[in-house]
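A.B. asks: A single structure is presented below for examination.
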Amino acid sequence: MKVKVKYFAVLHEELDRDEEDMDLPEGATVRVILDRLEAEWPEIAEYYDVMQTSVNWEYATPDSELSDGDEVAFIPPVTGGQDV
Amino acid sequence: MFKITSEEIELGDVIRAVEAGDAGAIVHFLGVVRNNTEGREVSYLEYEAYPPMAEKKMAEIAEEIHEKWGLDRVAMIHRVGRLEIGEVSVAVAVASPHRKEAFEACHYAMNRLKQIVPIWKREVWADGEEEWVKPDPVFFQSKA
């Protein structure tokens, strides 16, 4: 199955792309994508505690199971609370 | 109205979106690019968003406001791209029959926006350095 994966902010910069299509085995979870990204850029693990995941525009977890055509995004912390 | 835009934000856009015959109060909030962060001079800011999810989460905040205060007239616009000092990054407006609920709901909307709406801010300093803004601790407590 194929899913679209989107990267923002620091992830966008470090991975040097803002989105890509990935072929995944049936029944794969978000964790499968993270494992691939970690192989490419091990430092991503440092963000796991603070990063959120979404599937089809809804917050999800690494254990969320994916379906063909899903849109997955990795969301580093959003805007800080002190600017306004 | 729940919108991510690369255009300049006009206050009138959110006001007009919430105006109604029974609205005795309209409270609005504008977030403006400040010239410093904790004393360090800011050159400009860059905002990035995940637009479809951001607009969906804005609509969810409006639903929360409906549940808490029974108000149905909420508008939120956030700008993305490069913003100069003094430009408006975000506008929120809430209309209500009476002012108390409108003030409370507008404050609530802005707090929730910063917790659950996927928008990122990059600060570019006057000395040439730049960085993505550090997270708000509240963000991590609000995951669930």
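As shown in the structure tokens, the chain order sets the letters A, B, ...; within each chain, residues go from 1, and ligands are also counted from 1 in the order they appear.
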Compile the contact shell of segment 14-25 of chain B as JSON, numbers by chain: residues with an atom at most 9 Å away, counting only C-alpha atoms, same-chain residues fewer than 6 positions apart removed.
C.D. replies: {"B": [1, 72, 73, 74, 75, 76, 77, 91, 92, 93, 94, 95, 96, 97, 98, 99, 100, 101, 102, 103]}
A.B. asks: Keeping N, CA and C atoms for every residue in the selection just given, could you write it to a file as an mmCIF file, in the first residue's frame?
C.D. replies:
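And here is the file that came out, again-v3.cif:
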data_model
loop_
_atom_site.group_PDB
_atom_site.id
_atom_site.type_symbol
_atom_site.label_atom_id
_atom_site.label_comp_id
_atom_site.auth_asym_id
_atom_site.auth_seq_id
_atom_site.Cartn_x
_atom_site.Cartn_y
_atom_site.Cartn_z
ATOM 1 N N MET B 1 -15.416 31.083 9.909
ATOM 2 C CA MET B 1 -14.253 31.178 9.024
ATOM 3 C C MET B 1 -13.010 30.663 9.740
ATOM 4 N N ASP B 72 -21.812 30.262 18.651
ATOM 5 C CA ASP B 72 -21.637 29.666 17.329
ATOM 6 C C ASP B 72 -20.841 30.537 16.372
ATOM 7 N N ARG B 73 -20.473 31.728 16.818
ATOM 8 C CA ARG B 73 -19.851 32.648 15.866
ATOM 9 C C ARG B 73 -18.399 32.913 16.271
ATOM 10 N N VAL B 74 -17.504 32.125 15.661
ATOM 11 C CA VAL B 74 -16.068 32.192 15.942
ATOM 12 C C VAL B 74 -15.337 32.234 14.608
ATOM 13 N N ALA B 75 -14.326 33.080 14.489
ATOM 14 C CA ALA B 75 -13.518 33.130 13.262
ATOM 15 C C ALA B 75 -12.041 33.164 13.640
ATOM 16 N N MET B 76 -11.232 32.458 12.869
ATOM 17 C CA MET B 76 -9.781 32.428 13.111
ATOM 18 C C MET B 76 -9.053 32.434 11.782
ATOM 19 N N ILE B 77 -8.061 33.310 11.683
ATOM 20 C CA ILE B 77 -7.190 33.340 10.499
ATOM 21 C C ILE B 77 -5.744 33.366 10.989
ATOM 22 N N ALA B 91 -5.512 36.363 13.756
ATOM 23 C CA ALA B 91 -6.685 37.131 14.183
ATOM 24 C C ALA B 91 -7.775 36.152 14.602
ATOM 25 N N VAL B 92 -8.381 36.453 15.756
ATOM 26 C CA VAL B 92 -9.486 35.638 16.266
ATOM 27 C C VAL B 92 -10.617 36.586 16.633
ATOM 28 N N ALA B 93 -11.844 36.231 16.306
ATOM 29 C CA ALA B 93 -12.993 37.027 16.731
ATOM 30 C C ALA B 93 -14.099 36.089 17.203
ATOM 31 N N VAL B 94 -14.781 36.519 18.253
ATOM 32 C CA VAL B 94 -15.907 35.762 18.791
ATOM 33 C C VAL B 94 -17.053 36.734 19.032
ATOM 34 N N ALA B 95 -18.231 36.375 18.588
ATOM 35 C CA ALA B 95 -19.417 37.188 18.835
ATOM 36 C C ALA B 95 -20.323 36.475 19.828
ATOM 37 N N SER B 96 -20.985 37.284 20.649
ATOM 38 C CA SER B 96 -21.830 36.731 21.705
ATOM 39 C C SER B 96 -22.921 37.746 22.027
ATOM 40 N N PRO B 97 -24.036 37.302 22.580
ATOM 41 C CA PRO B 97 -25.050 38.279 22.995
ATOM 42 C C PRO B 97 -24.496 39.240 24.043
ATOM 43 N N HIS B 98 -23.611 38.740 24.938
ATOM 44 C CA HIS B 98 -23.069 39.564 26.021
ATOM 45 C C HIS B 98 -21.556 39.428 26.094
ATOM 46 N N ARG B 99 -20.880 40.440 26.667
ATOM 47 C CA ARG B 99 -19.428 40.516 26.528
ATOM 48 C C ARG B 99 -18.653 39.467 27.315
ATOM 49 N N LYS B 100 -19.160 39.051 28.478
ATOM 50 C CA LYS B 100 -18.387 38.147 29.332
ATOM 51 C C LYS B 100 -17.989 36.879 28.580
ATOM 52 N N GLU B 101 -18.952 36.245 27.958
ATOM 53 C CA GLU B 101 -18.685 35.002 27.247
ATOM 54 C C GLU B 101 -17.752 35.236 26.059
ATOM 55 N N ALA B 102 -17.926 36.392 25.408
ATOM 56 C CA ALA B 102 -17.089 36.673 24.227
ATOM 57 C C ALA B 102 -15.621 36.839 24.632
ATOM 58 N N PHE B 103 -15.369 37.549 25.743
ATOM 59 C CA PHE B 103 -13.988 37.690 26.228
ATOM 60 C C PHE B 103 -13.403 36.321 26.577
#
A.B. asks: For chain A, which residues have at least one atom within 12 Å of chain B, if we go by only C-alpha atoms? Write them as a PyMOL selection string, please.
C.D. replies: chain A and resi 6-13+18-19+47-61+71-84
A.B. asks: Near Val3 of chain A, within 8 Å and counting only C-alpha atoms, which residues show up once chain neighbours fewer than 6 positions away are dropped, as a PyMOL selection string?
C.D. replies: chain A and resi 21-24+67-72
